[in-house]
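Undergrad: PDB, C-alpha atoms, pLDDT in the B column, file upload_5.pdb:
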```
MODEL        1
ATOM      1  CA  MET A  11     -26.864  10.837  34.425  1.00 57.00           C
ATOM      2  CA  PRO A  12     -23.874   9.763  32.302  1.00 61.00           C
ATOM      3  CA  ILE A  13     -20.613  11.554  33.161  1.00 60.00           C
ATOM      4  CA  LYS A  14     -20.297  12.934  29.601  1.00 64.00           C
ATOM      5  CA  ASN A  15     -23.579  14.798  30.145  1.00 72.00           C
ATOM      6  CA  ARG A  16     -22.223  16.315  33.358  1.00 70.00           C
ATOM      7  CA  PHE A  17     -19.170  17.591  31.485  1.00 71.00           C
ATOM      8  CA  ALA A  18     -21.416  18.978  28.738  1.00 78.00           C
ATOM      9  CA  GLU A  19     -23.417  20.863  31.398  1.00 82.00           C
ATOM     10  CA  THR A  20     -20.252  22.519  32.743  1.00 85.00           C
ATOM     11  CA  HIS A  21     -18.551  23.199  29.388  1.00 88.00           C
ATOM     12  CA  ALA A  22     -19.147  26.971  29.510  1.00 92.00           C
ATOM     13  CA  GLU A  23     -17.838  27.200  33.072  1.00 92.00           C
ATOM     14  CA  ILE A  24     -14.692  25.186  32.250  1.00 92.00           C
ATOM     15  CA  THR A  25     -14.136  27.364  29.163  1.00 94.00           C
ATOM     16  CA  ALA A  26     -14.388  30.503  31.330  1.00 96.00           C
ATOM     17  CA  TRP A  27     -11.779  29.090  33.745  1.00 96.00           C
ATOM     18  CA  ARG A  28      -9.432  28.352  30.843  1.00 96.00           C
ATOM     19  CA  ARG A  29      -9.822  31.834  29.426  1.00 97.00           C
ATOM     20  CA  HIS A  30      -9.193  33.397  32.838  1.00 97.00           C
ATOM     21  CA  LEU A  31      -6.019  31.336  33.235  1.00 97.00           C
ATOM     22  CA  HIS A  32      -4.981  32.208  29.676  1.00 97.00           C
ATOM     23  CA  GLN A  33      -5.315  35.929  30.423  1.00 98.00           C
ATOM     24  CA  HIS A  34      -3.213  35.668  33.596  1.00 98.00           C
ATOM     25  CA  PRO A  35      -0.210  33.443  32.803  1.00 97.00           C
ATOM     26  CA  GLU A  36       2.631  32.985  35.275  1.00 96.00           C
ATOM     27  CA  LEU A  37       6.021  31.333  34.819  1.00 94.00           C
ATOM     28  CA  MET A  38       7.688  28.289  36.376  1.00 89.00           C
ATOM     29  CA  PHE A  39       7.478  28.345  40.187  1.00 85.00           C
ATOM     30  CA  ASP A  40       6.175  31.906  40.424  1.00 91.00           C
ATOM     31  CA  LEU A  41       2.449  31.085  40.220  1.00 93.00           C
ATOM     32  CA  PRO A  42       0.821  32.764  43.233  1.00 95.00           C
ATOM     33  CA  GLU A  43      -2.326  33.944  41.426  1.00 96.00           C
ATOM     34  CA  THR A  44      -2.768  30.701  39.485  1.00 95.00           C
ATOM     35  CA  SER A  45      -2.396  28.639  42.659  1.00 94.00           C
ATOM     36  CA  LYS A  46      -4.844  30.885  44.484  1.00 96.00           C
ATOM     37  CA  PHE A  47      -7.364  30.560  41.629  1.00 96.00           C
ATOM     38  CA  VAL A  48      -7.086  26.752  41.653  1.00 93.00           C
ATOM     39  CA  GLU A  49      -7.362  26.526  45.438  1.00 94.00           C
ATOM     40  CA  GLU A  50     -10.388  28.856  45.532  1.00 94.00           C
ATOM     41  CA  LYS A  51     -12.174  26.832  42.838  1.00 93.00           C
ATOM     42  CA  LEU A  52     -11.482  23.567  44.659  1.00 89.00           C
ATOM     43  CA  ARG A  53     -12.790  25.014  47.925  1.00 90.00           C
ATOM     44  CA  SER A  54     -15.908  26.310  46.130  1.00 89.00           C
ATOM     45  CA  PHE A  55     -16.619  22.676  45.131  1.00 85.00           C
ATOM     46  CA  GLY A  56     -16.629  21.741  48.828  1.00 83.00           C
ATOM     47  CA  ILE A  57     -13.183  20.133  48.754  1.00 84.00           C
ATOM     48  CA  THR A  58     -11.356  20.690  52.040  1.00 85.00           C
ATOM     49  CA  ASP A  59      -8.397  18.271  51.891  1.00 87.00           C
ATOM     50  CA  ILE A  60      -6.082  20.630  49.993  1.00 89.00           C
ATOM     51  CA  THR A  61      -2.313  20.964  50.326  1.00 91.00           C
ATOM     52  CA  THR A  62      -0.655  24.061  48.883  1.00 91.00           C
ATOM     53  CA  GLY A  63       2.988  25.074  48.486  1.00 89.00           C
ATOM     54  CA  ILE A  64       4.053  21.888  46.682  1.00 86.00           C
ATOM     55  CA  ALA A  65       7.260  22.796  44.780  1.00 82.00           C
ATOM     56  CA  GLU A  66       6.553  26.333  45.997  1.00 85.00           C
ATOM     57  CA  THR A  67       3.172  26.988  44.313  1.00 87.00           C
ATOM     58  CA  GLY A  68       1.672  23.571  43.522  1.00 88.00           C
ATOM     59  CA  VAL A  69      -1.731  22.432  44.783  1.00 90.00           C
ATOM     60  CA  VAL A  70      -2.819  18.895  45.690  1.00 88.00           C
ATOM     61  CA  ALA A  71      -6.408  18.016  46.595  1.00 86.00           C
ATOM     62  CA  VAL A  72      -8.040  14.795  47.735  1.00 81.00           C
ATOM     63  CA  ILE A  73     -11.590  14.732  46.445  1.00 75.00           C
ATOM     64  CA  GLU A  74     -13.856  12.426  48.381  1.00 69.00           C
ATOM     65  CA  GLY A  75     -16.945  11.128  46.621  1.00 62.00           C
ATOM     66  CA  GLN A  76     -20.112   9.836  48.222  1.00 63.00           C
ATOM     67  CA  SER A  77     -18.487   6.593  49.314  1.00 64.00           C
ATOM     68  CA  ASN A  78     -15.064   5.012  49.318  1.00 63.00           C
ATOM     69  CA  THR A  79     -15.445   1.375  50.296  1.00 67.00           C
ATOM     70  CA  SER A  80     -12.685   0.123  47.976  1.00 71.00           C
ATOM     71  CA  GLY A  81      -9.982   2.421  49.335  1.00 70.00           C
ATOM     72  CA  ARG A  82      -8.830   3.108  45.774  1.00 70.00           C
ATOM     73  CA  THR A  83      -7.768   6.548  44.592  1.00 71.00           C
ATOM     74  CA  ILE A  84      -7.683   7.981  41.067  1.00 71.00           C
ATOM     75  CA  GLY A  85      -4.789  10.356  40.387  1.00 76.00           C
ATOM     76  CA  LEU A  86      -5.178  13.364  38.083  1.00 78.00           C
ATOM     77  CA  ARG A  87      -2.498  15.986  37.404  1.00 83.00           C
ATOM     78  CA  ALA A  88      -1.804  19.081  35.334  1.00 87.00           C
ATOM     79  CA  ASP A  89       0.948  21.659  34.923  1.00 90.00           C
ATOM     80  CA  MET A  90      -0.018  25.309  35.461  1.00 91.00           C
ATOM     81  CA  ASP A  91       2.935  27.329  34.168  1.00 93.00           C
ATOM     82  CA  ALA A  92       3.096  29.414  30.989  1.00 95.00           C
ATOM     83  CA  LEU A  93       5.944  30.222  28.623  1.00 95.00           C
ATOM     84  CA  PRO A  94       8.046  33.405  28.346  1.00 96.00           C
ATOM     85  CA  ILE A  95       6.439  34.401  25.032  1.00 95.00           C
ATOM     86  CA  THR A  96       4.643  37.596  24.037  1.00 96.00           C
ATOM     87  CA  GLU A  97       1.154  36.777  22.813  1.00 96.00           C
ATOM     88  CA  ALA A  98       0.122  38.299  19.484  1.00 94.00           C
ATOM     89  CA  THR A  99      -3.106  36.382  18.806  1.00 93.00           C
ATOM     90  CA  GLY A 100      -5.502  39.298  19.174  1.00 94.00           C
ATOM     91  CA  LEU A 101      -7.977  37.036  20.985  1.00 93.00           C
ATOM     92  CA  PRO A 102     -10.393  38.659  23.450  1.00 95.00           C
ATOM     93  CA  HIS A 103      -8.895  36.456  26.179  1.00 95.00           C
ATOM     94  CA  ALA A 104      -5.243  37.104  25.214  1.00 97.00           C
ATOM     95  CA  SER A 105      -2.581  37.364  27.900  1.00 97.00           C
ATOM     96  CA  LYS A 106      -2.650  40.490  30.038  1.00 96.00           C
ATOM     97  CA  ASN A 107       0.857  39.734  31.349  1.00 96.00           C
ATOM     98  CA  PRO A 108       3.491  41.050  28.917  1.00 95.00           C
ATOM     99  CA  GLY A 109       6.062  38.470  27.877  1.00 96.00           C
ATOM    100  CA  LYS A 110       4.029  35.551  29.277  1.00 97.00           C
ATOM    101  CA  MET A 111       1.643  33.293  27.388  1.00 96.00           C
ATOM    102  CA  HIS A 112      -0.102  29.956  27.744  1.00 95.00           C
ATOM    103  CA  ALA A 113       1.119  28.770  24.356  1.00 93.00           C
ATOM    104  CA  CYS A 114       1.657  25.274  25.724  1.00 88.00           C
ATOM    105  CA  GLY A 115      -1.887  24.314  26.736  1.00 92.00           C
ATOM    106  CA  HIS A 116      -1.367  24.291  30.497  1.00 93.00           C
ATOM    107  CA  ASP A 117      -4.299  26.696  30.903  1.00 95.00           C
ATOM    108  CA  GLY A 118      -6.511  24.070  29.284  1.00 93.00           C
ATOM    109  CA  HIS A 119      -4.970  21.267  31.331  1.00 92.00           C
ATOM    110  CA  THR A 120      -5.627  23.145  34.567  1.00 93.00           C
ATOM    111  CA  ALA A 121      -9.209  24.021  33.576  1.00 94.00           C
ATOM    112  CA  MET A 122      -9.913  20.392  32.652  1.00 90.00           C
ATOM    113  CA  LEU A 123      -8.454  19.179  35.931  1.00 88.00           C
ATOM    114  CA  LEU A 124     -10.696  21.608  37.798  1.00 90.00           C
ATOM    115  CA  GLY A 125     -13.655  20.255  35.825  1.00 87.00           C
ATOM    116  CA  GLY A 126     -12.527  16.769  36.764  1.00 80.00           C
ATOM    117  CA  GLY A 127     -12.551  17.889  40.387  1.00 75.00           C
ATOM    118  CA  ALA A 128     -15.940  19.551  40.307  1.00 72.00           C
ATOM    119  CA  ILE A 129     -17.947  16.861  38.591  1.00 66.00           C
ATOM    120  CA  PRO A 130     -17.015  13.733  40.582  1.00 56.00           C
ATOM    121  CA  ARG A 131     -17.787  15.593  43.798  1.00 53.00           C
ATOM    122  CA  ARG A 132     -21.407  15.785  42.636  1.00 53.00           C
ATOM    123  CA  ASP A 133     -21.556  12.180  41.416  1.00 52.00           C
ATOM    124  CA  ALA A 134     -22.892   9.535  43.805  1.00 46.00           C
ATOM    125  CA  GLN A 135     -20.984   6.796  41.930  1.00 48.00           C
ATOM    126  CA  PHE A 136     -17.617   8.496  42.403  1.00 49.00           C
ATOM    127  CA  ARG A 137     -15.257   7.154  45.060  1.00 48.00           C
ATOM    128  CA  ARG A 138     -12.025   9.153  45.470  1.00 50.00           C
ATOM    129  CA  ALA A 139      -9.484  11.122  43.428  1.00 51.00           C
ATOM    130  CA  ARG A 140      -6.275  12.979  44.068  1.00 52.00           C
ATOM    131  CA  GLY A 141      -5.699  16.002  41.845  1.00 55.00           C
ATOM    132  CA  ALA A 142      -2.393  17.803  41.530  1.00 57.00           C
ATOM    133  CA  ASP A 143      -1.782  21.100  39.796  1.00 54.00           C
ATOM    134  CA  LEU A 144       1.963  21.402  39.639  1.00 59.00           C
ATOM    135  CA  PRO A 145       3.983  24.518  38.922  1.00 62.00           C
ATOM    136  CA  ALA A 146       6.315  23.424  36.143  1.00 59.00           C
ATOM    137  CA  ARG A 147       7.088  20.190  34.397  1.00 53.00           C
ATOM    138  CA  ARG A 148       9.918  21.928  32.564  1.00 49.00           C
ATOM    139  CA  GLY A 149      11.504  22.798  35.914  1.00 50.00           C
ATOM    140  CA  GLY A 150      11.300  19.259  37.252  1.00 49.00           C
ATOM    141  CA  ARG A 151      15.031  18.723  37.660  1.00 48.00           C
ATOM    142  CA  ARG A 152      15.379  22.029  39.520  1.00 48.00           C
ATOM    143  CA  TRP A 153      12.539  21.098  41.862  1.00 45.00           C
ATOM    144  CA  ARG A 154      14.000  17.660  42.590  1.00 49.00           C
ATOM    145  CA  GLN A 155      17.366  19.247  43.377  1.00 49.00           C
ATOM    146  CA  ARG A 156      15.738  21.695  45.803  1.00 51.00           C
ATOM    147  CA  HIS A 157      13.120  19.456  47.378  1.00 48.00           C
ATOM    148  CA  GLY A 158      14.172  15.847  46.857  1.00 50.00           C
ATOM    149  CA  ALA A 159      12.575  13.178  44.737  1.00 45.00           C
ATOM    150  CA  GLY A 160       9.179  13.303  46.463  1.00 45.00           C
ATOM    151  CA  GLY A 161       7.345  10.022  46.165  1.00 42.00           C
ATOM    152  CA  ALA A 162       4.970   7.981  48.253  1.00 38.00           C
ATOM    153  CA  ASP A 163       5.785   9.695  51.553  1.00 43.00           C
ATOM    154  CA  GLY A 164       4.842  13.209  50.367  1.00 47.00           C
ATOM    155  CA  PRO A 165       1.492  14.844  49.576  1.00 46.00           C
ATOM    156  CA  LEU A 166       1.285  12.981  46.277  1.00 46.00           C
ATOM    157  CA  GLY A 167       1.811   9.680  48.061  1.00 47.00           C
ATOM    158  CA  HIS A 168      -0.649   6.999  49.142  1.00 39.00           C
ATOM    159  CA  ARG A 169      -3.190   7.584  51.898  1.00 40.00           C
TER
ENDMDL
END
```
Represent the structure from my file as structure tokens, please.
TA:
Amino acid sequence: MPIKNRFAETHAEITAWRRHLHQHPELMFDLPETSKFVEEKLRSFGITDITTGIAETGVVAVIEGQSNTSGRTIGLRADMDALPITEATGLPHASKNPGKMHACGHDGHTAMLLGGGAIPRRDAQFRRARGADLPARRGGRRWRQRHGAGGADGPLGHR
């Protein structure tokens, strides 16, 4: 089955994840519930190679497909943090956390990355991917100052 059909089949589920994340926004590096949600979803897909605590609340997963004879890895990433904004949209899935809102699209990015993690796992043609949900792009300088530059030797590095 073409991959676009697989995404179409899971559209409602991915939308539900996005709305859940939208209702429960967290800021910068203080993302315990978001990280837990992402980790639990990844584990529910049968993914076991998961590293948590990256930049405090980031999540990295290696998703093995049915075969990996080439040794190649596809990297996927998303930010998970929200903005310190009070939501006034009136949407049924509006933020339940006062003064915090996913006005930046990171809820959608995270939901799409989860969809990208769920579907290849079920696809016999898929080889390998590394997905990273990171706490805060906007806080990148702060993270590098606290934790170093990261790079190929860390959990986002080559395996």
Undergrad: Calculated over all atoms listed in the file, which of the candidates A:Pro94, A:Pro35, A:Pro42, A:Gly125 has the smallest distance to Ile64 in chain A?
TA: A:Pro42
Undergrad: CA of Ala18 in chain A to CA of Gly81 in chain A: how many Å, to one decimal?
TA: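 If I compute the distance from CA of Ala18 in chain A to CA of Gly81 in chain A, I get 28.8 Å.
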Undergrad: Which of these, A:Ile57, A:Val69, A:Ile84, A:Ala113, has the shortest distance to Ala98 in chain A once you count all atoms listed in the file?
TA: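 When distances to Ala98 in chain A are compared using all atoms listed in the file, the smallest one comes from A:Ala113.
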Undergrad: Can you translate the PyMOL selection byres ((chain A and resi 39) around 8) into the concrete residues it hits in this file, as an MDAnalysis selection string?
TA: chainID A and resid 37:38 40:41 65:67 91 145:146
Undergrad: What is the CA of Val72 in chain A-CA of Leu52 in chain A distance in Å, reported with one decimal?
TA: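 Separating CA of Val72 in chain A from CA of Leu52 in chain A is a distance of 9.9 Å.
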Undergrad: Taking N, CA, C and O atoms as the atom set, what does range 93-111 of chain A look like once completed, written as a short mmCIF file (atom, residue, chain, number, x, y, z; two decimals), in the coordinates of the input?
TA:
```cif
data_model
loop_
_atom_site.label_atom_id
_atom_site.label_comp_id
_atom_site.auth_asym_id
_atom_site.auth_seq_id
_atom_site.Cartn_x
_atom_site.Cartn_y
_atom_site.Cartn_z
N LEU A 93 4.65 30.06 29.28
CA LEU A 93 5.94 30.22 28.62
C LEU A 93 6.32 31.70 28.53
O LEU A 93 5.43 32.56 28.47
N PRO A 94 7.62 32.01 28.49
CA PRO A 94 8.05 33.40 28.35
C PRO A 94 7.96 33.86 26.89
O PRO A 94 8.96 34.03 26.20
N ILE A 95 6.73 34.03 26.42
CA ILE A 95 6.44 34.40 25.03
C ILE A 95 5.45 35.56 25.06
O ILE A 95 4.52 35.57 25.86
N THR A 96 5.61 36.50 24.16
CA THR A 96 4.64 37.60 24.04
C THR A 96 3.52 37.14 23.11
O THR A 96 3.77 36.72 21.98
N GLU A 97 2.31 37.21 23.60
CA GLU A 97 1.15 36.78 22.81
C GLU A 97 0.77 37.84 21.79
O GLU A 97 0.66 39.02 22.12
N ALA A 98 0.53 37.40 20.56
CA ALA A 98 0.12 38.30 19.48
C ALA A 98 -1.07 37.72 18.73
O ALA A 98 -1.20 37.89 17.52
N THR A 99 -1.97 37.04 19.46
CA THR A 99 -3.11 36.38 18.81
C THR A 99 -4.26 37.34 18.53
O THR A 99 -5.06 37.08 17.64
N GLY A 100 -4.38 38.39 19.33
CA GLY A 100 -5.50 39.30 19.17
C GLY A 100 -6.81 38.75 19.73
O GLY A 100 -7.86 39.36 19.53
N LEU A 101 -6.76 37.63 20.42
CA LEU A 101 -7.98 37.04 20.98
C LEU A 101 -8.52 37.90 22.13
O LEU A 101 -7.75 38.57 22.82
N PRO A 102 -9.82 37.89 22.34
CA PRO A 102 -10.39 38.66 23.45
C PRO A 102 -9.85 38.21 24.81
O PRO A 102 -9.81 39.00 25.74
N HIS A 103 -9.43 36.97 24.92
CA HIS A 103 -8.90 36.46 26.18
C HIS A 103 -7.37 36.31 26.13
O HIS A 103 -6.80 35.50 26.85
N ALA A 104 -6.70 37.14 25.32
CA ALA A 104 -5.24 37.10 25.21
C ALA A 104 -4.59 37.48 26.54
O ALA A 104 -5.20 38.14 27.40
N SER A 105 -3.35 37.10 26.69
CA SER A 105 -2.58 37.36 27.90
C SER A 105 -2.55 38.85 28.24
O SER A 105 -2.34 39.70 27.39
N LYS A 106 -2.76 39.12 29.53
CA LYS A 106 -2.65 40.49 30.04
C LYS A 106 -1.29 40.71 30.69
O LYS A 106 -1.02 41.80 31.19
N ASN A 107 -0.46 39.66 30.72
CA ASN A 107 0.86 39.73 31.35
C ASN A 107 1.92 39.77 30.26
O ASN A 107 2.20 38.74 29.63
N PRO A 108 2.51 40.93 29.99
CA PRO A 108 3.49 41.05 28.92
C PRO A 108 4.63 40.03 29.04
O PRO A 108 5.15 39.80 30.13
N GLY A 109 4.96 39.42 27.92
CA GLY A 109 6.06 38.47 27.88
C GLY A 109 5.74 37.10 28.45
O GLY A 109 6.63 36.28 28.62
N LYS A 110 4.46 36.84 28.72
CA LYS A 110 4.03 35.55 29.28
C LYS A 110 2.80 35.09 28.52
O LYS A 110 1.87 35.88 28.30
N MET A 111 2.78 33.81 28.15
CA MET A 111 1.64 33.29 27.39
C MET A 111 1.46 31.80 27.65
O MET A 111 2.42 31.05 27.75
#
```
